[in-house]
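Asker: So that you have it, the file is protein08.cif, and it contains mmCIF, C-alpha atoms:
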```cif
data_data
loop_
_atom_site.label_atom_id
_atom_site.label_comp_id
_atom_site.auth_asym_id
_atom_site.auth_seq_id
_atom_site.Cartn_x
_atom_site.Cartn_y
_atom_site.Cartn_z
CA MET Q 1 -29.19 37.60 -68.67
CA ASN Q 2 -28.37 36.66 -65.11
CA PRO Q 3 -28.65 32.89 -64.55
CA LEU Q 4 -28.94 33.34 -60.77
CA GLN Q 5 -32.16 35.34 -60.90
CA ASN Q 6 -35.29 33.47 -59.83
CA THR Q 7 -37.05 33.52 -63.16
CA ILE Q 8 -36.43 32.49 -66.74
CA HIS Q 9 -36.63 34.45 -69.98
CA LYS Q 10 -39.24 33.32 -72.48
CA GLU Q 11 -36.59 33.21 -75.23
CA GLN Q 12 -34.99 30.34 -73.30
CA ILE Q 13 -38.00 28.12 -74.11
CA VAL Q 14 -37.32 26.55 -77.51
CA TYR Q 15 -40.05 23.86 -77.60
CA GLU Q 16 -43.24 23.30 -75.63
CA ASP Q 17 -46.40 21.26 -75.89
CA ASN Q 18 -48.83 19.71 -73.39
CA HIS Q 19 -46.34 17.07 -72.23
CA ILE Q 20 -42.80 18.43 -72.51
CA LEU Q 21 -40.83 21.66 -72.36
CA ILE Q 22 -37.30 22.18 -73.70
CA ILE Q 23 -35.24 25.06 -72.38
CA ASN Q 24 -31.93 26.57 -73.50
CA LYS Q 25 -30.04 26.62 -70.20
CA LEU Q 26 -27.57 29.37 -69.37
CA PRO Q 27 -24.22 28.49 -67.81
CA GLY Q 28 -24.49 28.93 -64.05
CA GLU Q 29 -28.07 27.66 -63.87
CA ILE Q 30 -28.68 24.38 -62.06
CA VAL Q 31 -31.24 21.91 -63.38
CA GLN Q 32 -32.19 20.45 -60.01
CA GLY Q 33 -31.73 21.68 -56.43
CA ASP Q 34 -28.32 21.19 -54.82
CA LYS Q 35 -26.42 22.18 -51.66
CA THR Q 36 -25.91 25.76 -52.90
CA GLY Q 37 -29.56 26.55 -52.26
CA ASP Q 38 -29.78 28.43 -55.59
CA MET Q 39 -33.14 28.16 -57.30
CA PRO Q 40 -33.02 25.35 -59.90
CA LEU Q 41 -34.52 25.52 -63.38
CA SER Q 42 -37.25 23.08 -62.34
CA GLU Q 43 -38.56 25.62 -59.79
CA LYS Q 44 -38.05 28.63 -62.07
CA LEU Q 45 -40.13 26.87 -64.72
CA LYS Q 46 -42.89 26.01 -62.25
CA ASN Q 47 -43.11 29.67 -61.25
CA TYR Q 48 -43.03 30.82 -64.86
CA ILE Q 49 -45.79 28.44 -66.01
CA LYS Q 50 -47.92 29.17 -62.94
CA GLU Q 51 -47.82 32.90 -63.64
CA ARG Q 52 -48.03 32.71 -67.44
CA ASP Q 53 -50.97 30.30 -67.50
CA ASN Q 54 -52.59 31.64 -64.31
CA LYS Q 55 -52.60 28.17 -62.77
CA PRO Q 56 -54.22 28.02 -59.31
CA GLY Q 57 -52.62 24.76 -58.10
CA ASN Q 58 -49.19 23.18 -58.19
CA VAL Q 59 -47.36 22.90 -61.52
CA PHE Q 60 -45.79 19.54 -62.44
CA MET Q 61 -42.26 19.83 -63.81
CA GLY Q 62 -40.34 16.54 -63.97
CA VAL Q 63 -36.57 16.52 -64.43
CA ILE Q 64 -35.65 14.14 -67.27
CA HIS Q 65 -31.90 14.74 -67.59
CA ARG Q 66 -29.28 17.23 -66.45
CA LEU Q 67 -26.38 19.38 -67.59
CA ASP Q 68 -23.42 20.35 -65.43
CA ARG Q 69 -23.72 23.82 -63.94
CA PRO Q 70 -21.01 25.46 -66.13
CA VAL Q 71 -22.48 23.91 -69.32
CA SER Q 72 -25.18 25.59 -71.44
CA GLY Q 73 -27.79 24.20 -73.78
CA LEU Q 74 -30.89 22.11 -74.24
CA VAL Q 75 -32.59 20.42 -71.29
CA ILE Q 76 -35.94 18.58 -71.41
CA PHE Q 77 -38.54 18.78 -68.66
CA ALA Q 78 -41.79 16.82 -68.45
CA LYS Q 79 -45.03 18.72 -67.84
CA THR Q 80 -46.97 15.51 -67.13
CA SER Q 81 -46.26 12.32 -65.21
CA LYS Q 82 -47.00 10.36 -68.41
CA GLY Q 83 -44.34 12.35 -70.27
CA LEU Q 84 -41.84 11.82 -67.46
CA SER Q 85 -42.27 8.05 -67.23
CA ARG Q 86 -42.10 7.57 -71.00
CA PHE Q 87 -39.02 9.77 -71.31
CA ASN Q 88 -37.29 7.88 -68.52
CA GLU Q 89 -37.89 4.68 -70.48
CA MET Q 90 -36.51 6.31 -73.65
CA ILE Q 91 -33.33 7.29 -71.81
CA ARG Q 92 -32.93 3.74 -70.48
CA GLU Q 93 -33.27 2.48 -74.05
CA LYS Q 94 -30.82 5.18 -75.30
CA ASP Q 95 -33.44 6.64 -77.64
CA LEU Q 96 -32.55 10.26 -76.83
CA GLN Q 97 -29.78 11.50 -79.15
CA LYS Q 98 -27.69 14.44 -77.91
CA THR Q 99 -25.33 16.59 -79.94
CA TYR Q 100 -22.96 19.09 -78.34
CA TRP Q 101 -20.65 21.88 -79.42
CA ALA Q 102 -17.28 22.17 -77.66
CA VAL Q 103 -14.71 24.92 -78.13
CA VAL Q 104 -11.30 23.41 -77.40
CA LYS Q 105 -7.73 24.58 -76.96
CA ASN Q 106 -5.99 22.29 -79.45
CA LYS Q 107 -7.12 20.98 -82.80
CA PRO Q 108 -7.46 17.18 -82.59
CA ALA Q 109 -5.16 14.99 -84.65
CA LYS Q 110 -8.12 13.54 -86.59
CA THR Q 111 -10.95 15.56 -88.12
CA GLU Q 112 -13.41 12.86 -86.99
CA ASP Q 113 -13.07 10.00 -84.53
CA HIS Q 114 -14.95 7.53 -82.36
CA LEU Q 115 -13.50 7.76 -78.86
CA ILE Q 116 -13.74 4.88 -76.40
CA HIS Q 117 -12.46 5.30 -72.85
CA TYR Q 118 -13.12 3.79 -69.44
CA LEU Q 119 -14.14 6.52 -67.00
CA LEU Q 120 -13.34 6.25 -63.32
CA LYS Q 121 -15.10 8.79 -61.10
CA ASN Q 122 -13.35 10.34 -58.12
CA GLU Q 123 -16.21 11.27 -55.78
CA LYS Q 124 -14.00 13.38 -53.52
CA LEU Q 125 -12.76 15.58 -56.37
CA ASN Q 126 -16.01 15.35 -58.37
CA LYS Q 127 -13.93 14.45 -61.40
CA SER Q 128 -13.67 11.58 -63.87
CA LYS Q 129 -10.46 10.20 -65.34
CA ALA Q 130 -10.49 8.65 -68.81
CA HIS Q 131 -8.44 5.47 -69.23
CA GLU Q 132 -7.67 3.97 -72.63
CA LYS Q 133 -7.91 0.39 -71.30
CA PRO Q 134 -10.46 -1.20 -68.96
CA VAL Q 135 -9.87 -0.46 -65.27
CA LYS Q 136 -11.61 -1.73 -62.14
CA ASP Q 137 -14.95 0.07 -61.71
CA GLY Q 138 -14.32 2.04 -64.92
CA LEU Q 139 -17.38 2.65 -67.11
CA LYS Q 140 -17.08 2.23 -70.85
CA SER Q 141 -17.68 5.64 -72.43
CA GLU Q 142 -18.15 6.40 -76.11
CA LEU Q 143 -18.59 9.51 -78.22
CA ILE Q 144 -18.08 10.58 -81.82
CA TYR Q 145 -16.57 13.98 -82.53
CA LYS Q 146 -16.23 15.92 -85.76
CA TYR Q 147 -14.04 18.97 -86.32
CA ILE Q 148 -16.10 21.93 -87.62
CA LYS Q 149 -13.86 25.01 -87.87
CA SER Q 150 -11.21 27.14 -86.16
CA SER Q 151 -10.73 30.72 -85.06
CA ASP Q 152 -7.28 32.21 -84.60
CA THR Q 153 -7.09 30.65 -81.14
CA TYR Q 154 -9.71 27.94 -80.67
CA HIS Q 155 -11.38 25.03 -82.45
CA LEU Q 156 -15.04 24.00 -82.63
CA LEU Q 157 -15.98 20.32 -82.38
CA GLU Q 158 -19.39 18.69 -82.76
CA ILE Q 159 -19.90 15.75 -80.40
CA LYS Q 160 -22.48 12.99 -80.47
CA LEU Q 161 -22.76 11.21 -77.14
CA LEU Q 162 -23.19 7.44 -77.32
CA THR Q 163 -23.12 6.94 -73.54
CA GLY Q 164 -23.95 9.28 -70.68
CA ARG Q 165 -21.22 9.29 -68.03
CA HIS Q 166 -20.14 11.78 -65.39
CA HIS Q 167 -18.23 14.65 -67.09
CA GLN Q 168 -17.80 12.35 -70.09
CA ILE Q 169 -17.17 14.90 -72.86
CA ARG Q 170 -14.91 16.98 -70.62
CA ALA Q 171 -12.81 13.97 -69.57
CA GLN Q 172 -12.59 12.32 -72.99
CA LEU Q 173 -11.61 15.47 -74.87
CA SER Q 174 -9.03 16.26 -72.21
CA ALA Q 175 -7.62 12.74 -72.64
CA ILE Q 176 -6.86 13.41 -76.33
CA GLY Q 177 -5.21 16.76 -75.55
CA CYS Q 178 -8.22 18.96 -76.35
CA PRO Q 179 -9.41 20.52 -73.07
CA ILE Q 180 -12.55 22.65 -73.33
CA LYS Q 181 -12.11 26.42 -73.06
CA GLY Q 182 -12.55 27.50 -69.43
CA ASP Q 183 -12.46 23.96 -68.02
CA LEU Q 184 -9.67 24.30 -65.46
CA LYS Q 185 -10.66 20.98 -63.86
CA TYR Q 186 -9.84 19.10 -67.07
CA GLY Q 187 -6.69 20.83 -68.21
CA PHE Q 188 -7.50 24.23 -69.66
CA ASP Q 189 -5.05 26.85 -68.39
CA ARG Q 190 -7.53 29.42 -67.07
CA THR Q 191 -11.18 29.76 -66.13
CA ASN Q 192 -13.78 31.83 -67.95
CA LYS Q 193 -14.70 34.98 -66.02
CA ASP Q 194 -18.30 33.86 -65.53
CA GLY Q 195 -17.34 30.33 -64.40
CA SER Q 196 -18.74 28.75 -67.56
CA ILE Q 197 -17.03 26.32 -69.87
CA HIS Q 198 -17.45 26.38 -73.65
CA LEU Q 199 -19.57 23.24 -73.88
CA HIS Q 200 -23.10 23.58 -75.23
CA ALA Q 201 -25.87 21.01 -75.71
CA TYR Q 202 -26.80 22.09 -79.23
CA GLN Q 203 -29.31 19.51 -80.51
CA LEU Q 204 -31.76 16.93 -79.20
CA GLN Q 205 -33.41 14.29 -81.36
CA PHE Q 206 -36.06 11.86 -80.16
CA MET Q 207 -39.42 10.27 -80.86
CA HIS Q 208 -42.08 12.22 -78.98
CA PRO Q 209 -43.15 9.99 -76.08
CA VAL Q 210 -46.88 10.70 -76.57
CA LYS Q 211 -47.34 11.96 -80.14
CA LYS Q 212 -44.93 9.37 -81.59
CA GLU Q 213 -43.49 11.94 -84.01
CA GLU Q 214 -39.81 12.67 -84.48
CA VAL Q 215 -38.67 15.86 -82.76
CA ILE Q 216 -35.39 17.62 -83.62
CA VAL Q 217 -34.59 20.76 -81.65
CA LYS Q 218 -31.51 22.96 -82.13
CA ALA Q 219 -30.44 26.04 -80.17
CA ALA Q 220 -27.23 28.04 -80.28
CA PRO Q 221 -25.82 29.52 -77.05
CA LEU Q 222 -27.78 32.52 -75.77
CA MET Q 223 -24.79 34.24 -74.16
CA ASN Q 224 -23.28 37.36 -75.73
CA ASP Q 225 -19.82 35.82 -75.71
CA PRO Q 226 -17.21 36.72 -78.38
CA VAL Q 227 -16.03 33.12 -78.82
CA TRP Q 228 -19.55 31.67 -79.12
CA ASN Q 229 -20.56 34.59 -81.34
CA TYR Q 230 -17.74 33.71 -83.72
CA PHE Q 231 -18.74 30.05 -83.96
CA LYS Q 232 -22.56 30.41 -84.05
#
```
What is this structure when it is put down as structure tokens?

Answerer:
Amino acid sequence: MNPLQNTIHKEQIVYEDNHILIINKLPGEIVQGDKTGDMPLSEKLKNYIKERDNKPGNVFMGVIHRLDRPVSGLVIFAKTSKGLSRFNEMIREKDLQKTYWAVVKNKPAKTEDHLIHYLLKNEKLNKSKAHEKPVKDGLKSELIYKYIKSSDTYHLLEIKLLTGRHHQIRAQLSAIGCPIKGDLKYGFDRTNKDGSIHLHAYQLQFMHPVKKEEVIVKAAPLMNDPVWNYFK
């Protein structure tokens, strides 16, 4: 699958109803338009729904949250303005629970830990630095990781995000000596050939904003990648 093509594959859609759509993003895809001019997922989905459902007018597709371009995994879009406004409120109230998989270079010292850092963003470098103690303009950042298993070379961690900061998982894991595979920016020694990093948004859990029912969605990485294939 080529993430730069101007369409999506139906197997990327893992959940859909009248109000929301959840897609399994490929690394390289962008959620929302940026300076590259590449077609974002929001537009690909509009085109896909318009053609699939034979819609004559414009298709509404609201962006609820994002993933960095080299990251894969679950992203929620709103198909209605009601869904979008209610989801935005849920995110403000921290009622959207996100779980990630990260393949890292070094096994962490603890099999499970609650990490607290203060992240300072460098706009010029588009990078965040994790500090152990409060710093001026630093944002308190929290996550919980759990060690899952190892291959001969790498280690799989499950991460639950408690805050949503710029490059938070990448910066915090790097700060404890566990850079993510392929993440040259945060201390891994080489890039992945496709420009991805081995960070995947694996699970989303939330109360449906309209139906008021609990939704839990899981999706393993779609890429045919030997490292991901080992850990799936």

Asker: For region 149-164 of chain Q, work out the shell of residues within 8 Å, counting only C-alpha atoms and skipping chain neighbours fewer than 3 positions away, then give it as a list of chain:residue names.

Answerer: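 Counting only the stated atoms, we get Q:Gln97, Q:Lys98, Q:Thr99, Q:Tyr100, Q:Trp101, Q:Ala102, Q:Val103, Q:Val104, Q:Lys105, Q:Asn106, Q:Lys107, Q:Ser141, Q:Glu142, Q:Leu143, Q:Ile144, Q:Tyr145, Q:Lys146, Q:Gln168, Q:Ile169, Q:Tyr230, Q:Phe231.
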
Asker: Could you please give me, as a list in words, the residues of protein, DNA or RNA lying at most 9 Å from (-34.5, 16.4, -84.2) in the coordinate frame of the file, considering only C-alpha atoms?

Answerer: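 Those residues, ordered by chain and then number, are Gln97, Gln203, Leu204, Gln205, Phe206, Met207, Glu214, Val215, Ile216, Val217 and Lys218 of chain Q.
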
Asker: Select all residues near (-45.0, 21.9, -61.6) (cut-off 12 Å, inclusive, file coordinates), counting all atoms listed in the file, and output them as a ChimeraX atom specification.

Answerer: /Q:19-21,41-51,53,55-63,77-81

Asker: Mind telling me what the PyMOL selection byres ((chain Q and resi 167) around 10) catches here, as number ranges by chain?

Answerer: Q: 67-68, 119, 121, 126-130, 164-166, 168-172, 186

Asker: Could you check how far CA of Lys185 (chain Q) sits from CA of Leu120 (chain Q), in Å to one decimal?

Answerer: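 Interatomic distance here is 15.0 Å.
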
Asker: I'd like the residues picked by the PyMOL selection byres ((chain Q and resi 197-200) around 6) written out as a ChimeraX atom specification, using the chain letters and numbers from the file.

Answerer: /Q:70-73,100-103,181-183,196,201-202

Asker: What does the distance between CA of Lys25 (chain Q) and CA of Ala219 (chain Q) come to in Å, to one decimal place?

Answerer: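 Atom-to-atom, CA of Lys25 (chain Q) and CA of Ala219 (chain Q) are spaced 10.0 Å apart.
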
Asker: Between Q:Pro27, Q:Gly83, Q:Pro40, Q:Pro108, single out the one closest to His208 (chain Q), counting only C-alpha atoms.

Answerer: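 Closest residue, counting only C-alpha atoms: Q:Gly83.
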
Asker: In terms of the shortest atom-to-atom distance over only C-alpha atoms, which of Q:Arg86, Q:His65, Q:Asp38, Q:His117 is closest to Lys211 (chain Q)?

Answerer: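 Going through Q:Arg86, Q:His65, Q:Asp38, Q:His117 one by one, the smallest distance to Lys211 (chain Q) is for Q:Arg86.
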
Asker: Please report the interatomic distance between CA of Gly28 (chain Q) and CA of Gly195 (chain Q) in Å with one decimal.

Answerer: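 One can read the CA of Gly28 (chain Q) to CA of Gly195 (chain Q) distance as 7.3 Å.
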
Asker: Using all atoms of region 15-32 of chain Q listed in the file and a margin of 8 Å per side, can you give the axis-aligned box centre and edge lengths in Å to one decimal, as AutoDock Vina command-line options?

Answerer:
```
--center_x -36.5 --center_y 23.2 --center_z -68.8 --size_x 40.6 --size_y 28.3 --size_z 33.6
```

Asker: Could you check which of Q:Glu11, Q:Glu213, Q:Asp225, Q:Glu93 is closest to Asn192 (chain Q), using all atoms listed in the file?

Answerer: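 Answer, going by the shortest atom-to-atom distance: Q:Asp225.
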
Asker: My list of candidates is Q:Thr191, Q:Gln12, Q:Asn122, Q:Ser85. Which is closest to Glu29 (chain Q) when distances are computed with all atoms listed in the file?

Answerer: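 Residue with the minimum atom-to-atom distance to Glu29 (chain Q): Q:Gln12.
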